[in-house]
Structures are given as structure tokens and as C-alpha cells.
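Undergrad: Contents are mmCIF, C-alpha atoms; file name entry-v6.cif:
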data_run
#
loop_
_atom_site.group_PDB
_atom_site.id
_atom_site.type_symbol
_atom_site.label_atom_id
_atom_site.label_comp_id
_atom_site.auth_asym_id
_atom_site.auth_seq_id
_atom_site.Cartn_x
_atom_site.Cartn_y
_atom_site.Cartn_z
ATOM 1 C CA MET A 1 86.773 61.369 -50.466
ATOM 2 C CA VAL A 2 89.000 61.156 -47.421
ATOM 3 C CA GLY A 3 91.548 58.370 -47.624
ATOM 4 C CA THR A 4 93.097 56.451 -44.761
ATOM 5 C CA GLY A 5 96.325 58.468 -44.800
ATOM 6 C CA GLU A 6 94.566 61.832 -44.653
ATOM 7 C CA THR A 7 93.455 61.720 -41.004
ATOM 8 C CA SER A 8 95.666 61.464 -37.947
ATOM 9 C CA LEU A 9 93.957 58.259 -36.811
ATOM 10 C CA GLY A 10 94.332 56.810 -40.304
ATOM 11 C CA ARG A 11 98.054 57.586 -40.346
ATOM 12 C CA GLN A 12 98.422 56.098 -36.872
ATOM 13 C CA LEU A 13 96.649 52.876 -37.848
ATOM 14 C CA TYR A 14 98.699 52.690 -41.027
ATOM 15 C CA ALA A 15 101.893 53.035 -38.974
ATOM 16 C CA ILE A 16 100.744 50.428 -36.469
ATOM 17 C CA GLY A 17 99.930 48.020 -39.300
ATOM 18 C CA GLY A 18 103.389 48.484 -40.786
ATOM 19 C CA ASN A 19 105.385 48.033 -37.600
ATOM 20 C CA GLU A 20 103.771 48.406 -34.183
ATOM 21 C CA GLN A 21 107.038 48.786 -32.299
ATOM 22 C CA ALA A 22 108.317 51.483 -34.689
ATOM 23 C CA ALA A 23 104.985 53.312 -34.401
ATOM 24 C CA ARG A 24 105.221 53.216 -30.595
ATOM 25 C CA LEU A 25 108.785 54.556 -30.697
ATOM 26 C CA SER A 26 107.633 57.326 -33.074
ATOM 27 C CA GLY A 27 105.172 58.614 -30.509
ATOM 28 C CA VAL A 28 101.975 57.029 -31.848
ATOM 29 C CA PRO A 29 99.516 56.239 -29.033
ATOM 30 C CA VAL A 30 99.268 52.606 -30.069
ATOM 31 C CA MET A 31 96.853 51.387 -27.394
ATOM 32 C CA ARG A 32 94.434 54.296 -27.945
ATOM 33 C CA ALA A 33 94.482 53.857 -31.718
ATOM 34 C CA LYS A 34 93.918 50.099 -31.449
ATOM 35 C CA VAL A 35 91.032 50.570 -29.012
ATOM 36 C CA LEU A 36 89.401 53.070 -31.388
ATOM 37 C CA ALA A 37 89.892 50.679 -34.321
ATOM 38 C CA TYR A 38 88.334 47.764 -32.438
ATOM 39 C CA LEU A 39 85.526 50.002 -31.193
ATOM 40 C CA ALA A 40 84.728 51.129 -34.750
ATOM 41 C CA SER A 41 84.897 47.526 -35.944
ATOM 42 C CA GLY A 42 82.410 46.451 -33.268
ATOM 43 C CA VAL A 43 80.016 49.289 -34.092
ATOM 44 C CA PHE A 44 80.154 48.499 -37.811
ATOM 45 C CA ALA A 45 79.613 44.786 -37.108
ATOM 46 C CA ALA A 46 76.589 45.608 -34.940
ATOM 47 C CA VAL A 47 75.110 47.824 -37.647
ATOM 48 C CA ALA A 48 75.723 45.109 -40.245
ATOM 49 C CA GLY A 49 74.027 42.547 -38.001
ATOM 50 C CA ILE A 50 71.018 44.804 -37.504
ATOM 51 C CA CYS A 51 70.771 45.396 -41.264
ATOM 52 C CA GLN A 52 71.059 41.655 -41.973
ATOM 53 C CA ALA A 53 68.366 40.830 -39.412
ATOM 54 C CA ALA A 54 66.098 43.546 -40.825
ATOM 55 C CA GLN A 55 66.585 42.268 -44.371
ATOM 56 C CA GLU A 56 65.883 38.663 -43.398
ATOM 57 C CA GLN A 57 63.176 39.738 -40.895
ATOM 58 C CA GLN A 58 64.657 37.386 -38.336
ATOM 59 C CA GLY A 59 67.841 36.871 -36.375
ATOM 60 C CA ASP A 60 70.099 34.013 -37.440
ATOM 61 C CA PRO A 61 73.474 33.574 -35.734
ATOM 62 C CA GLU A 62 74.837 31.662 -38.741
ATOM 63 C CA ALA A 63 73.646 34.129 -41.395
ATOM 64 C CA GLY A 64 77.128 35.620 -41.916
ATOM 65 C CA ALA A 65 79.079 32.357 -42.060
ATOM 66 C CA GLY A 66 81.781 32.625 -44.696
ATOM 67 C CA TYR A 67 81.601 36.420 -45.010
ATOM 68 C CA GLU A 68 84.982 36.841 -43.328
ATOM 69 C CA LEU A 69 86.711 34.967 -46.149
ATOM 70 C CA ILE A 70 84.936 37.124 -48.720
ATOM 71 C CA ALA A 71 85.993 40.282 -46.846
ATOM 72 C CA ILE A 72 89.633 39.172 -46.843
ATOM 73 C CA ALA A 73 89.413 38.392 -50.563
ATOM 74 C CA MET A 74 87.999 41.845 -51.331
ATOM 75 C CA VAL A 75 90.814 43.546 -49.421
ATOM 76 C CA VAL A 76 93.436 41.426 -51.206
ATOM 77 C CA ILE A 77 91.854 42.049 -54.631
ATOM 78 C CA GLY A 78 91.892 45.755 -53.754
ATOM 79 C CA GLY A 79 95.688 45.599 -53.523
ATOM 80 C CA THR A 80 96.316 45.564 -49.777
ATOM 81 C CA ASN A 81 99.471 43.690 -48.885
ATOM 82 C CA LEU A 82 98.719 40.932 -46.365
ATOM 83 C CA MET A 83 102.214 41.296 -44.923
ATOM 84 C CA GLY A 84 101.203 44.735 -43.613
ATOM 85 C CA GLY A 85 102.028 48.348 -44.198
ATOM 86 C CA ARG A 86 100.465 49.008 -47.611
ATOM 87 C CA GLY A 87 96.933 49.245 -48.898
ATOM 88 C CA GLY A 88 94.232 51.537 -50.147
ATOM 89 C CA LEU A 89 90.577 52.256 -49.578
ATOM 90 C CA GLY A 90 89.613 53.219 -53.142
ATOM 91 C CA LEU A 91 90.647 49.987 -54.854
ATOM 92 C CA THR A 92 89.196 47.917 -52.026
ATOM 93 C CA LEU A 93 85.799 49.577 -52.485
ATOM 94 C CA LEU A 94 86.043 48.944 -56.228
ATOM 95 C CA ALA A 95 86.909 45.305 -55.556
ATOM 96 C CA CYS A 96 83.737 44.931 -53.471
ATOM 97 C CA SER A 97 81.508 45.230 -56.537
ATOM 98 C CA PRO A 98 79.711 41.948 -57.336
ATOM 99 C CA SER A 99 81.173 41.777 -60.847
ATOM 100 C CA ALA A 100 84.738 42.004 -59.469
ATOM 101 C CA THR A 101 84.189 39.089 -57.103
ATOM 102 C CA GLY A 102 82.663 36.859 -59.740
ATOM 103 C CA GLU A 103 79.561 36.234 -57.639
ATOM 104 C CA ASP A 104 77.097 37.113 -60.405
ATOM 105 C CA PRO A 105 78.585 34.667 -62.951
ATOM 106 C CA ILE A 106 78.853 31.975 -60.293
ATOM 107 C CA ASP A 107 75.218 32.433 -59.264
ATOM 108 C CA GLN A 108 74.050 32.424 -62.887
ATOM 109 C CA CYS A 109 75.870 29.155 -63.575
ATOM 110 C CA GLY A 110 74.251 27.508 -60.570
ATOM 111 C CA ALA A 111 77.624 26.776 -58.940
ATOM 112 C CA ARG A 112 76.822 28.621 -55.735
ATOM 113 C CA GLY A 113 78.504 25.957 -53.578
ATOM 114 C CA LYS A 114 81.845 26.623 -55.284
ATOM 115 C CA ARG A 115 81.988 30.287 -54.184
ATOM 116 C CA LEU A 116 84.118 29.667 -51.082
ATOM 117 C CA MET A 117 86.535 27.547 -53.091
ATOM 118 C CA LEU A 118 86.875 30.315 -55.710
ATOM 119 C CA THR A 119 87.400 32.901 -52.965
ATOM 120 C CA GLY A 120 90.171 30.775 -51.447
ATOM 121 C CA VAL A 121 91.844 30.407 -54.830
ATOM 122 C CA ILE A 122 91.722 34.200 -55.302
ATOM 123 C CA ILE A 123 93.337 34.775 -51.898
ATOM 124 C CA ILE A 124 96.079 32.200 -52.544
ATOM 125 C CA ALA A 125 96.823 33.673 -55.987
ATOM 126 C CA ALA A 126 97.006 37.198 -54.555
ATOM 127 C CA VAL A 127 99.298 36.130 -51.708
ATOM 128 C CA LEU A 128 101.625 34.342 -54.140
ATOM 129 C CA ALA A 129 101.662 37.396 -56.419
ATOM 130 C CA GLN A 130 102.446 39.694 -53.456
ATOM 131 C CA ARG A 131 105.196 37.376 -52.277
ATOM 132 C CA ARG A 132 106.748 37.246 -55.753
ATOM 133 C CA LYS A 133 106.520 41.051 -56.113
ATOM 134 C CA SER A 134 108.242 41.685 -52.753
ATOM 135 C CA ALA A 135 111.043 39.168 -53.387
#
Is it possible to express this structure as C-alpha cells?

TA:
Amino acid sequence: MVGTGETSLGRQLYAIGGNEQAARLSGVPVMRAKVLAYLASGVFAAVAGICQAAQEQQGDPEAGAGYELIAIAMVVIGGTNLMGGRGGLGLTLLACSPSATGEDPIDQCGARGKRLMLTGVIIIAAVLAQRRKSA
């Protein structure tokens, strides 16, 4: 499996995430790399929207409300530092499993409304742990 640091674009994005000015001074085409990243993000979002609409058999503009918080939580659980510069694809994909997020136990207990609160607690705990580790 190809990791983020194994392609030139991946290394460029990694450098930009660490320090954009240093990446620019190192010869990284920052604007081109950012445009490609945003372009890929838009394409993936469009595909996800099409898949969601196909699954629900209707279009609902509020169907993905709250997913952004869950996505941030999965990246943080996967070990990516929110301060920038470090992260990994493998652990993030592992963190996306339903058992890692606690969604299955929450759904089974009938506490579905508490999911966003639990996700926020996970993000806060991870940020505090990252801050303590870097200090």
C-alpha cells in the first residue's frame, strides 16, 4: 500500500502541512499542490454525496450533518498531530472501523444522541494528550 510519504505529491503536501513557508523556500510548488489537494477533496466529496444519495434513494442536503466532526475524530484517533506535520494513513484507516469509534456500542445502548458528545470528548482528550506529549 502506498503511503502519503511515498509519492512526490504526498511529500509536498506533508511539507506544506508542516510549514508552508519552509516548503515554499525548499522549492515545493505550494499553490499547485494545494490546488490538487482541494481538487481531490472536492471529487471525493462529490462521490461520497452521490453514494449517500444512492443509498438513501433521495437527495438530502442535511444528510451529512455532523460527519465532519467524526472525520476529525478518526484522524486524531489515528495519531495525526493537529498541530501539523505528522500523521499516517494506516492508523487513520484502522481508526475508521466502527468498533474503534464506539458507534456500535453506542447504537446498541440506545444512546445515539450522545454520539457527537462522545466524539467531542475523544477529540479533546487526543488534543490534550498531543499537547502534553509535545511539551

Undergrad: Separation of CA of Ile124 (chain A) and CA of Ala73 (chain A), in Å?

TA: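 Interatomic distance here is 9.3 Å.
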
Undergrad: Please provide as a ChimeraX atom specification all residues within 10 Å of Ile16 (chain A), with the sequence filter that same-chain residues fewer than 2 positions apart are discarded (counting all atoms listed in the file).

TA: /A:10-14,18-24,28-31,33-34,84-85

Undergrad: Between CA of Ile70 (chain A) and CA of Gln52 (chain A), what is the distance in Å, rounded to a tenth?

TA: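 About the pair CA of Ile70 (chain A) and CA of Gln52 (chain A): they are 16.1 Å apart.
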
Undergrad: Which of these, A:Gly49, A:Val75, A:Asn81, A:Val43, has the shortest distance to Glu62 (chain A) once you count all atoms listed in the file?

TA: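 Selected residue with least distance to Glu62 (chain A): A:Gly49.
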
Undergrad: Restricting the calculation to only C-alpha atoms: of A:Ala15, A:Ala54, A:Val76, A:Ala95, which residue gets closest to Ile122 (chain A)?

TA: A:Val76

Undergrad: Of the residues A:Pro61, A:Gly78, A:Gly27, A:Gly42, which is the one nearest to Gly90 (chain A), using only C-alpha atoms?

TA: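 Smallest distance to Gly90 (chain A) is found for A:Gly78.
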
Undergrad: What gap, in Å, lies between CA of Ala65 (chain A) and CA of Ala129 (chain A)?

TA: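 These atoms are spaced 27.2 Å apart.
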